[in-house]
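> Have a look at the structure that comes next, please.
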Amino acid sequence: MTYKRPKADAVIVGLGWAGSLMAEELTRAGLDVVVIERGPYEVTHRNFPPSVAADELRYGARREALRPPSVQTLTFRNHRSQTALPGRDLSNWVVGYSVGGAGKHWSANAWRFTPADFTMATRVKERYPHMQLPEGLIVQDWGVTYDELEPHYDRWEKIAGISGKAGVLNGALQPGGNPFEGSRSAEYPTPPLERSRWNDLFHATTEKMGLHPFPIPAGTLGAAYTNPLGINLAPCTYCGFCGFYGCGNWSKSSPNACVIPALMTRKNFTLLTECTVLKAEKAADGKTVTGVTFIDSDRNIGFQPADIVIFAAFQFDNVRLMLLSQIGTPYDPATRTGTIGRAYNFQTMSYGFLYFENEYMNPFISTGALATQVDDYNGDNFDHSDLGFIGGAGILALSDQATPMGMTDRVPAGTKLWGSEWKKAFQHSYQNYAKIQGQGTSYAHAESYLSLDPNYTDDNGQPLLRMTFEFNENDRRMARFVRDRIADICRQSGAKTWEAMAFPDQPFSPTRAYDSGHTIGGTAMGLDPATSALNRYQQSWDAHNLFVIGASSFPNNAGYNPTGTLSALTLWTAKAIINDYLRQPGLLTR
Amino acid sequence: MDRRSVIKAGMVLIATSVAASIYRPAGAALRVLSGGNRWHAKETLPPTPVDPAVRMFLSDKEYAQVTAIFDRLIPADALSVSASQAGCVVFLDHQLAGPYGQGSNRYLKGPEQAGTPSQGDQSLRNPAQVYRIGLAELEGHCQQAFGSSFEALGAEQQDALLAQLESGSVQLGRLPSEVLFKQCLANVHEGFFADPVYGGNQGMVGWKMIGFPGARYDYRDFLAQKGHKLEIIPVSLIGRI
């Protein structure tokens, strides 16, 4: 059977960080908001209390908090000459499956991007006029600047209770923070976390090398805190059950802990759970959408009409919804035209894996975001004139790995992985292992894109999203440069043995251990409808009452985790809707 | 649309939402949550403790084979008891009977096609089938090559054959030998380090071997003792059920 729900002022698809922040803004402005969420309603004390959450088999290995591939997966190929095949098992595509979305199980590395990350096309023209970028590389400005986003970063950090130490406050350098960061209008709402033993070693080593270590901003709270929505949050207890887990302490920033309790009290807020949105419906005029069609938990088809439609699903689900709704022109790599699925980008990783002697790293004292970082080689913080690439990486000593099942291969290269030899090696390395992550920028390429798969479908019979992706030459050169900087640090660190690697030296695979889950772009925002799906307010060029919010909007990825930036962009878009769009519906770039 | 009319429209909608619910079937209607009302979440239950006396999936023959394999992957030595003594075979038996073993989270739609290494495992086999097929083929291979079952071979011979399985240099039958090996290695590690509630890691032997404190949830008292050996007694979820 099919049914139609009462019309809403706005319907939002997905209640993760983007959806919950947008709902908070719009309901506070008085709009009647309906959010449609694919997963169930979940709350800390019933669904992931400490008596349930601290279970590595359930959440770390079986990944019960995530959407299983049986419900929906992606197909993948490295090149468009190949046939894409489905990801059948759990992989690095880490999608939430409950209220809170990926914001429930994230590791809570809570970054701002640097000012240059938003304007790299202009920056390259000005600073590197003679640089030859690889053919097909897509470098374009976002249409929004760091300065425009700064108040929204600040607001999100306050809602989330982010811990950290400012490096640049109102233009003035601050000791102990990141001297390369864009200027902040305020200090972090909670103090930085206590450093781990490994953080200390990295801090001392990099400082001695003349680099600039600082504690990373973390959504694992540095102190008890009440956020601007009046919600009480608790101090982090360093239990280490963060990434892939819901936090049982109310001490990890999440939509569940930080935003949804406020929405629950608002009478103009409605949440449909366990309902999957199938597509937005286009109006007869072709210039707007009328609402969204969804399938509910009884397998009935519902229609939710609304004046404004907002896609706030996971990055690749936003792109897929645009393609399924047939809004805009799908990208065609042969002609390099069309925008939906174009400018797909990722996160280019490098690593150092180190093994010390006679250490007690006590890795179990950790959080998903317990790290000391240097940004000396991130973004455009260093001169690229003679390097032949743009971008870089945040290089960090990450103390986020403590649960044993995921560490059984953390023994020096060449060690047998079973028998008494392995037992001895693992016992030793559990206390002596450390890792340095180079979390690198990613630029899109004409040959990497997202489209609908012609062969495979999800549990509702809709085509899966097809990913065609391989690392490009720019990112390869960047990652090798970063790998060598990591090797420099490993050499100075006092580790007995170590190995450093650049991930683009092997073909990309979604199943590779330690690779990133930061899948980005596909409905890029920008200033030109020929090269962007959305304008600078994340508003569809093709349907002015449709907004698409999330990391799907980033034309390129910075050397940081995406959550802080997608949250700031959400609040930027909310402000444009409330202050401008409601008064005069239409393209905001008029 | 000004804000006042938006608010007014919103109030009208709240008034009409009761009538609208007539059109919604009961199951889905229960999952519609409205601001200002109480929201109820379904409960996430703790795992049911495994009863080692109950056999779930493996036959007696398979149980003996797995015991022999697991006890070479994690042998008894000065550091700990063996995998089977730690309960890893009990763990596996229960896992294979459940959603993991049955592959209920895997994407199993066809067509099944061989892919590139980057595209990952494309087979439609679930972990339970890997054991059922792989162990039968291992028995066939051992009878042919040694005239004896794997579990009757000496430790050195077992280790040599396991190394061959690991490298894929021995042909068992339909199942690539390294698939069986990887499956066994992954599961024995899981059993050895999973919470004891799942049947393995009995007495928290795996955790004690490396010094992992288990299902603890607060280390703030230890933050200042950086670089020192901490003698923290591990805890299991069992104590909380």
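Naming scheme: A, B, ... for chains in displayed order of the structure tokens; residues 1 onward per chain; ligands 1 onward as shown.
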If we count only C-alpha atoms, which residues of chain A reach to within 6 Å of chain B? Please list them as a ChimeraX atom specification.

/A:30-32,41-42,46-47,52,54,57,68-70,88-89,197,237-239,264-267,269-273,297-298,360-361,405,418-419,427,509,582-583

> Hey, what's within 9 Å of Gln401 of chain A if we count only C-alpha atoms and toss same-chain stuff fewer than 3 positions away? As JSON, numbers by chain, please?

{"A": [240, 363, 364, 366, 367, 368, 398, 404, 406, 407, 434]}

> Using backbone DSSP assignments, extract all strand (DSSP E or B) residues from segment 19-229 of chain B; output them as a PyMOL selection string.

chain B and resi 32-34+77+80+214

> When you look at Thr288 of chain A with a cut-off of 6 Å (counting only C-alpha atoms), what residues show up, excluding the ones that are within fewer than 3 positions of it in the same chain? I need them as a PDB file with N, CA and C atoms, in the first residue's frame.


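That gives us selection-v6.pdb:
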ATOM      1  N   ALA A 283       8.974  18.200  -9.340  1.00  0.00           N
ATOM      2  CA  ALA A 283       7.730  18.901  -9.651  1.00  0.00           C
ATOM      3  C   ALA A 283       7.552  18.970 -11.164  1.00  0.00           C
ATOM      4  N   ALA A 543      17.456  22.203  -8.863  1.00  0.00           N
ATOM      5  CA  ALA A 543      16.174  22.213  -8.134  1.00  0.00           C
ATOM      6  C   ALA A 543      16.406  23.069  -6.894  1.00  0.00           C
ATOM      7  N   HIS A 544      15.898  24.301  -6.933  1.00  0.00           N
ATOM      8  CA  HIS A 544      16.342  25.260  -5.912  1.00  0.00           C
ATOM      9  C   HIS A 544      15.845  24.961  -4.505  1.00  0.00           C
ATOM     10  N   ASN A 545      14.841  24.097  -4.342  1.00  0.00           N
ATOM     11  CA  ASN A 545      14.420  23.762  -2.973  1.00  0.00           C
ATOM     12  C   ASN A 545      15.026  22.449  -2.489  1.00  0.00           C
TER      13      ASN A 545
END

> So the first atom is atom CA of Arg63 of chain A and the second is atom CA of Arg125 of chain B; what is the distance between them in Å, to one decimal place?

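Going from atom CA of Arg63 of chain A over to atom CA of Arg125 of chain B covers 19.4 Å.
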
> Point out the residue among A:Asp515, A:Glu194, A:Glu24, A:Asp400 with the least atom-to-atom distance to Pro261 of chain A, counting only C-alpha atoms.

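Looking at the shortest contact to Pro261 of chain A, the residue is A:Glu24.
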
> Select from segment 93-299 of chain A everything DSSP, run on the backbone, classes as alpha helix (DSSP H), then give the selection as number ranges by chain.

A: 102-105, 120-127, 146-160, 197-208, 255-258, 260-263

> Give the answer as one residue: which of A:Lys125, A:Arg195, A:Arg491, A:Lys416 has the shortest atom-to-atom distance to Leu370 of chain A, using only C-alpha atoms?

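Among A:Lys125, A:Arg195, A:Arg491, A:Lys416, it is A:Arg195 that comes nearest to Leu370 of chain A.
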
> How far is it from atom CA of Thr329 of chain A to atom CA of Gly286 of chain A, in Å with one decimal?

13.2 Å

> Excluding Lys61 of chain B and its own-chain neighbours fewer than 4 positions away, which residues fall within 12 Å of it when counting only C-alpha atoms? Please give them as a PyMOL selection string.

chain B and resi 57+65-68+131-132+135-136+138-139+149-152

> Can you write just those residues out, C-alpha atoms, as a PDB file, in the first residue's frame?


ATOM      1  CA  PHE B  57      27.349 -26.649  14.435  1.00  0.00           C
ATOM      2  CA  GLN B  65      40.022 -31.298  13.272  1.00  0.00           C
ATOM      3  CA  VAL B  66      39.487 -27.714  14.418  1.00  0.00           C
ATOM      4  CA  THR B  67      40.934 -28.537  17.828  1.00  0.00           C
ATOM      5  CA  ALA B  68      44.097 -29.883  16.197  1.00  0.00           C
ATOM      6  CA  TYR B 131      34.701 -24.979   7.433  1.00  0.00           C
ATOM      7  CA  ARG B 132      32.298 -27.649   6.200  1.00  0.00           C
ATOM      8  CA  LEU B 135      37.655 -29.572   6.647  1.00  0.00           C
ATOM      9  CA  ALA B 136      36.262 -32.378   4.476  1.00  0.00           C
ATOM     10  CA  LEU B 138      41.586 -31.354   4.321  1.00  0.00           C
ATOM     11  CA  GLU B 139      40.701 -34.852   5.509  1.00  0.00           C
ATOM     12  CA  SER B 149      43.896 -37.598   9.517  1.00  0.00           C
ATOM     13  CA  PHE B 150      45.339 -34.146  10.269  1.00  0.00           C
ATOM     14  CA  GLU B 151      44.625 -34.569  13.961  1.00  0.00           C
ATOM     15  CA  ALA B 152      46.642 -37.803  14.058  1.00  0.00           C
TER      16      ALA B 152
END

> I'd like the interatomic distance between atom CA of Leu546 of chain A and atom CA of Ile310 of chain A, to a tenth of an Å.

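Between these atoms lies a distance of 5.7 Å.
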
> Would you mind telling me which residue in B:Cys142, B:Leu92, B:Gln102, B:Ala83 lies nearest to Gln129 of chain B when using only C-alpha atoms?

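Between B:Cys142, B:Leu92, B:Gln102, B:Ala83, the residue approaching Gln129 of chain B most closely is B:Gln102.
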
> So which residues touch Asn178 of chain A within 12 Å, counting only C-alpha atoms, skipping near sequence neighbours fewer than 5 positions away, as a VMD selection string?

chain A and resid 111 to 112 114 164 to 169 172 to 173 183 to 184 211 to 217 372 to 376 378 381 394

> Any idea what's packed within 10 Å of Phe426 of chain A, counting only C-alpha atoms, ignoring anything in its chain fewer than 4 positions away? Could you give it as a ChimeraX atom specification?

/A:404,407-412,415,417-418,420-422,430-433 /B:209-210
